[in-house]
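Asker: Here's a structure for you.
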Amino acid sequence: MKLVSQVRRAIVKCGFALAAAAMLVQLPAHAAETPQSGGVLTAILHPEPPSLILALQQVAGTQMVGGKIFESLLTYSFDLKPLPSLAKSWEISDDKLTYTFHLQQGVTWHDGQPFSSADVVFSYEKVLSQTPRTRGLMQNVESITAPDANTVVFKLKEPYAAFLYGLDIGGGAILPKHLYDVDTPIGQNPNNAHPIGTGPFKFKKWERGSYVELVKNEHYWKAGRPYLDGITYRVIPDAASRRLAIEQGTVMQAWLQDLEPMDVPRVAKLPNMTHTNKGYEYWSTMQWIELNNAKAPFNDKRFRQALMYAINRKFIAEKIMVGQGIPATGPIHHNTRFYDSNVKKYDYDPKKAIALLDEMGLKPNGDGVRVTVSMIPLPYGEMPRRVAEYIKQNLSKVGIALNLESTDVGGWVSRVGNWDYDMAGNGVFQYADPAIGVARTYVGTNIRKGVMFSNTSQYNNPKVDELFNLAAKAGDDAQRQQYYSEVQKILVEDVPLVWLVDTNYGTVLNKRVHDAITTGLGVVDTYSDAWLSKE
């Protein structure tokens, strides 16, 4: 009861009492059932990620699996209010410059070493500050200190309204200082092959191309958790095989693009299945096409605007994605705070695209081709490939010949991160606040060669940088909205990349699975409360 009262006091201090109450009523109906211990949950892992270390990779598969091994200071409710994780409570100073986090006690790393505030300070100062997401957050931090083993204090340079939204597992996974505070670069650290975290599940084995096996952490700090004996993630490259596996119970979970869109409605209706759209609130994924703004003809905004007019994004959303999204209107997902629909519209209009290409002087040759470019489709199943094939058809109608290239996730990350592309499919999380998940894609200060999920289009507009900076620091939401509305108008005019669809993905679970989706992080969260009923 002491821990509960501490958490309650912290929530009240931070103004989150209503969020806690809302969280209670939003839990699934079966939450009142008595959890059963035992059993191994099986889930699809597609595509296979390059790494399980969240400080190295932040692709979806890494976050899903790594979120069971590692933990962060906070998690978030369905209505996007911060909730305790490794931080059990926190206070914010009146001037909004000092954030004091009180850590859970009795936490140990999977190798038995004690977890402490030193791990948090090390992780943020030496590792997370270099990642594409958390780098922006840390630019606002003046210092991180550890007054004692159970307390961490962040002092900001000036107020930063989004600060509490950037402490999730994707951008804030805490690493063990005793294993990573060495001269070896993090990417070459031998511990990467056997991840050590504080989470409810321990890494046991990764059989490349086949499965990742996690087992129960018997010494987890949350009493009586986890209920599961383990989680096994099965790598299943073929879409038809993934569908059969979930139908037959070989696996119990499918999320994001694990299932083909046309299969989801039928699978969701099966008597042994449940389906939910909850658990994506924090992510609000967008699908877009990266454009290499440093290369001709992409360095001319008329060409980029022509692409927006030439691609039938409504058809992609409604027919290819079978309603798992709506056409995007700009850089901010419609479910994310500070979204503004009052921007320039790019309805499907090949004639406008042709007019812009003519204006540029890109005249068709004898074969009707004005220019030839290449594209790397998003390597996440068959649906993104079909989207790319359809885009190729669209562009051919306005005289743009598109060559499609293929690569795996590792190759895609490497090529896009190193600017070795013309066009490339991408799907990016928004992370609850534009200062965390949106600005990183467009600000010039985040043009970092070799770093995926940064400003890989190399778009650079000082006014955009200024507006994102002002919006992040404004203390009033109304003022933040003004800045974000202005920056959305500028970006939609400049079209640094082609926004395709605001996604609305769901998760399919076997009915034996209970209490898996309990926060706005969905399947990426720890699963410490997940349990299986008997067959």
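In the structure tokens, each chain is lettered A, B, ... as it comes, each chain's residues begin at 1, and ligands are numbered from 1 in order of appearance.
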So that I can see what lies close to Gly61 of chain A, please list as a ChimeraX atom specification the residues with an atom at most 12 Å from it, counting only C-alpha atoms and leaving out residues fewer than 3 positions away in the same chain.

Answerer: /A:43-54,57-58,64-68,170,212,233-235,254-258,380,409,523-524

Asker: Leaving out segment 395-404 of chain A and any residue of its chain fewer than 5 positions from it, which residues lie within 8 Å of it when counting only C-alpha atoms, given as a ChimeraX atom specification?

Answerer: /A:307,310-311,350,353-354,364,368-377,388-389

Asker: Looking at only C-alpha atoms, which of A:Gln324, A:Thr34, A:Gln458, A:Ser129 is the one that sits closest to Asp263 of chain A?

Answerer: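 For Asp263 of chain A, the nearest of the given residues is A:Gln324.
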
Asker: Would you write out, as JSON lines, a table of all residues in segment 454-521 of chain A that have an atom no more than 6 Å from an atom of segment 338-349 of chain A, listing for each the closest atom pair and the distance in Å to one decimal, considering only C-alpha atoms and ordering rows by chain and rising residue number?

Answerer:
```
{"residue": "A:Gln481", "atom": "CA", "partner": "A:Phe338", "partner_atom": "CA", "distance": 5.4}
{"residue": "A:Ser485", "atom": "CA", "partner": "A:Asp340", "partner_atom": "CA", "distance": 5.8}
{"residue": "A:Lys489", "atom": "CA", "partner": "A:Val343", "partner_atom": "CA", "distance": 5.3}
```

Asker: According to DSSP computed on the backbone, where in segment 166-290 of chain A is there helix (DSSP H, G or I)? Give the residues as a PyMOL selection string.

Answerer: chain A and resi 166+169-172+177-180+186-188+190-193+239-248+264-268

Asker: Need to verify the contact set: Ser116 of chain A, 8 Å, only C-alpha atoms, exclusion of same-chain residues closer than 4 positions in sequence. Can you return it as an MDAnalysis selection string?

Answerer: chainID A and resid 103 107 120 149:150

Asker: Quick one: residues within 12 Å of Gly224 of chain A, only C-alpha atoms counted, chain neighbours fewer than 2 positions away excluded, as a PyMOL selection string?

Answerer: chain A and resi 35-38+200+216-222+226-228+528-531

Asker: Could you save the residues just selected, with N, CA, C and O atoms, as a PDB file, in the first residue's frame?

Answerer:
```pdb
ATOM      1  N   PRO A  35      -5.751 -13.624 -12.685  1.00  0.00           N
ATOM      2  CA  PRO A  35      -4.689 -14.060 -13.595  1.00  0.00           C
ATOM      3  C   PRO A  35      -4.154 -15.430 -13.211  1.00  0.00           C
ATOM      4  O   PRO A  35      -4.099 -15.793 -12.027  1.00  0.00           O
ATOM      5  N   GLN A  36      -3.764 -16.191 -14.214  1.00  0.00           N
ATOM      6  CA  GLN A  36      -3.180 -17.514 -14.000  1.00  0.00           C
ATOM      7  C   GLN A  36      -1.707 -17.472 -14.377  1.00  0.00           C
ATOM      8  O   GLN A  36      -1.330 -16.841 -15.363  1.00  0.00           O
ATOM      9  N   SER A  37      -0.892 -18.094 -13.598  1.00  0.00           N
ATOM     10  CA  SER A  37       0.542 -18.139 -13.881  1.00  0.00           C
ATOM     11  C   SER A  37       0.868 -19.330 -14.777  1.00  0.00           C
ATOM     12  O   SER A  37       0.207 -20.364 -14.724  1.00  0.00           O
ATOM     13  N   GLY A  38       1.892 -19.141 -15.583  1.00  0.00           N
ATOM     14  CA  GLY A  38       2.367 -20.231 -16.433  1.00  0.00           C
ATOM     15  C   GLY A  38       2.042 -20.028 -17.893  1.00  0.00           C
ATOM     16  O   GLY A  38       1.224 -19.190 -18.278  1.00  0.00           O
ATOM     17  N   PRO A 200      10.597  -7.761 -17.172  1.00  0.00           N
ATOM     18  CA  PRO A 200       9.999  -8.996 -16.650  1.00  0.00           C
ATOM     19  C   PRO A 200      10.441 -10.256 -17.376  1.00  0.00           C
ATOM     20  O   PRO A 200      10.185 -11.362 -16.899  1.00  0.00           O
ATOM     21  N   LYS A 216      10.938 -16.072 -18.204  1.00  0.00           N
ATOM     22  CA  LYS A 216      10.495 -15.313 -17.036  1.00  0.00           C
ATOM     23  C   LYS A 216      11.671 -14.856 -16.181  1.00  0.00           C
ATOM     24  O   LYS A 216      12.591 -15.613 -15.902  1.00  0.00           O
ATOM     25  N   ASN A 217      11.612 -13.592 -15.766  1.00  0.00           N
ATOM     26  CA  ASN A 217      12.577 -13.057 -14.815  1.00  0.00           C
ATOM     27  C   ASN A 217      12.059 -13.348 -13.409  1.00  0.00           C
ATOM     28  O   ASN A 217      11.148 -12.682 -12.917  1.00  0.00           O
ATOM     29  N   GLU A 218      12.621 -14.347 -12.771  1.00  0.00           N
ATOM     30  CA  GLU A 218      12.149 -14.789 -11.453  1.00  0.00           C
ATOM     31  C   GLU A 218      12.387 -13.740 -10.363  1.00  0.00           C
ATOM     32  O   GLU A 218      11.808 -13.817  -9.284  1.00  0.00           O
ATOM     33  N   HIS A 219      13.225 -12.770 -10.657  1.00  0.00           N
ATOM     34  CA  HIS A 219      13.561 -11.760  -9.648  1.00  0.00           C
ATOM     35  C   HIS A 219      13.063 -10.369 -10.055  1.00  0.00           C
ATOM     36  O   HIS A 219      13.645  -9.361  -9.664  1.00  0.00           O
ATOM     37  N   TYR A 220      11.983 -10.348 -10.825  1.00  0.00           N
ATOM     38  CA  TYR A 220      11.440  -9.068 -11.285  1.00  0.00           C
ATOM     39  C   TYR A 220      10.963  -8.244 -10.092  1.00  0.00           C
ATOM     40  O   TYR A 220      10.400  -8.786  -9.134  1.00  0.00           O
ATOM     41  N   TRP A 221      11.163  -6.949 -10.172  1.00  0.00           N
ATOM     42  CA  TRP A 221      10.879  -6.060  -9.039  1.00  0.00           C
ATOM     43  C   TRP A 221       9.391  -5.915  -8.733  1.00  0.00           C
ATOM     44  O   TRP A 221       9.012  -5.563  -7.616  1.00  0.00           O
ATOM     45  N   LYS A 222       8.532  -6.191  -9.688  1.00  0.00           N
ATOM     46  CA  LYS A 222       7.090  -6.079  -9.459  1.00  0.00           C
ATOM     47  C   LYS A 222       6.589  -7.396  -8.871  1.00  0.00           C
ATOM     48  O   LYS A 222       6.596  -8.430  -9.545  1.00  0.00           O
ATOM     49  N   PRO A 226       6.436 -11.583 -13.742  1.00  0.00           N
ATOM     50  CA  PRO A 226       5.321 -11.714 -14.679  1.00  0.00           C
ATOM     51  C   PRO A 226       4.577 -13.025 -14.453  1.00  0.00           C
ATOM     52  O   PRO A 226       5.068 -13.925 -13.773  1.00  0.00           O
ATOM     53  N   TYR A 227       3.392 -13.126 -15.043  1.00  0.00           N
ATOM     54  CA  TYR A 227       2.615 -14.359 -14.938  1.00  0.00           C
ATOM     55  C   TYR A 227       3.094 -15.397 -15.953  1.00  0.00           C
ATOM     56  O   TYR A 227       3.044 -16.605 -15.691  1.00  0.00           O
ATOM     57  N   LEU A 228       3.534 -14.934 -17.108  1.00  0.00           N
ATOM     58  CA  LEU A 228       3.962 -15.851 -18.165  1.00  0.00           C
ATOM     59  C   LEU A 228       5.298 -16.494 -17.828  1.00  0.00           C
ATOM     60  O   LEU A 228       6.169 -15.875 -17.201  1.00  0.00           O
ATOM     61  N   SER A 528       4.230  -7.386 -18.337  1.00  0.00           N
ATOM     62  CA  SER A 528       4.369  -7.939 -16.989  1.00  0.00           C
ATOM     63  C   SER A 528       3.037  -8.434 -16.446  1.00  0.00           C
ATOM     64  O   SER A 528       3.002  -9.329 -15.596  1.00  0.00           O
ATOM     65  N   ASP A 529       1.930  -7.877 -16.933  1.00  0.00           N
ATOM     66  CA  ASP A 529       0.604  -8.274 -16.451  1.00  0.00           C
ATOM     67  C   ASP A 529      -0.083  -9.287 -17.368  1.00  0.00           C
ATOM     68  O   ASP A 529      -1.171  -9.771 -17.046  1.00  0.00           O
ATOM     69  N   ALA A 530       0.497  -9.587 -18.515  1.00  0.00           N
ATOM     70  CA  ALA A 530      -0.138 -10.502 -19.463  1.00  0.00           C
ATOM     71  C   ALA A 530      -0.181 -11.925 -18.902  1.00  0.00           C
ATOM     72  O   ALA A 530       0.729 -12.367 -18.201  1.00  0.00           O
ATOM     73  N   TRP A 531      -1.262 -12.629 -19.220  1.00  0.00           N
ATOM     74  CA  TRP A 531      -1.372 -14.017 -18.772  1.00  0.00           C
ATOM     75  C   TRP A 531      -2.202 -14.819 -19.753  1.00  0.00           C
ATOM     76  O   TRP A 531      -2.921 -14.268 -20.584  1.00  0.00           O
TER      77      TRP A 531
END
```

Asker: For a test of reading the model, state the distance in Å between atom CA of Leu156 of chain A and atom CA of Asp94 of chain A, rounded to one decimal.

Answerer: 12.7 Å

Asker: Please provide the set of residues having any atom within 8 Å of Thr131 of chain A, restricted to only C-alpha atoms, with same-chain residues fewer than 6 positions apart removed, written as a list in words.

Answerer: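 That gives Ala55, Leu56, Gly171 and Val451 of chain A.
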
Asker: What would the file look like if the residues just selected were written as a compact mmCIF listing (two decimals), in the first residue's frame with all heavy atoms?

Answerer:
```txt
# COMPACT_ATOMS: atom_id res chain seq x y z
N ALA A 55 18.98 1.07 -27.90
CA ALA A 55 19.85 2.23 -28.11
C ALA A 55 20.54 2.18 -29.47
O ALA A 55 21.07 3.18 -29.94
CB ALA A 55 20.90 2.31 -27.00
N LEU A 56 20.52 1.00 -30.12
CA LEU A 56 21.12 0.84 -31.44
C LEU A 56 20.09 0.90 -32.55
O LEU A 56 20.34 1.46 -33.62
CB LEU A 56 21.85 -0.50 -31.53
CG LEU A 56 23.14 -0.65 -30.73
CD1 LEU A 56 23.64 -2.08 -30.84
CD2 LEU A 56 24.19 0.32 -31.25
N GLY A 171 12.57 5.44 -26.78
CA GLY A 171 13.65 6.42 -26.75
C GLY A 171 14.38 6.49 -25.44
O GLY A 171 15.38 7.21 -25.32
N VAL A 451 22.50 7.78 -39.43
CA VAL A 451 21.55 7.62 -38.33
C VAL A 451 20.13 7.55 -38.90
O VAL A 451 19.60 8.54 -39.39
CB VAL A 451 21.65 8.78 -37.32
CG1 VAL A 451 20.66 8.57 -36.18
CG2 VAL A 451 23.07 8.88 -36.77
```
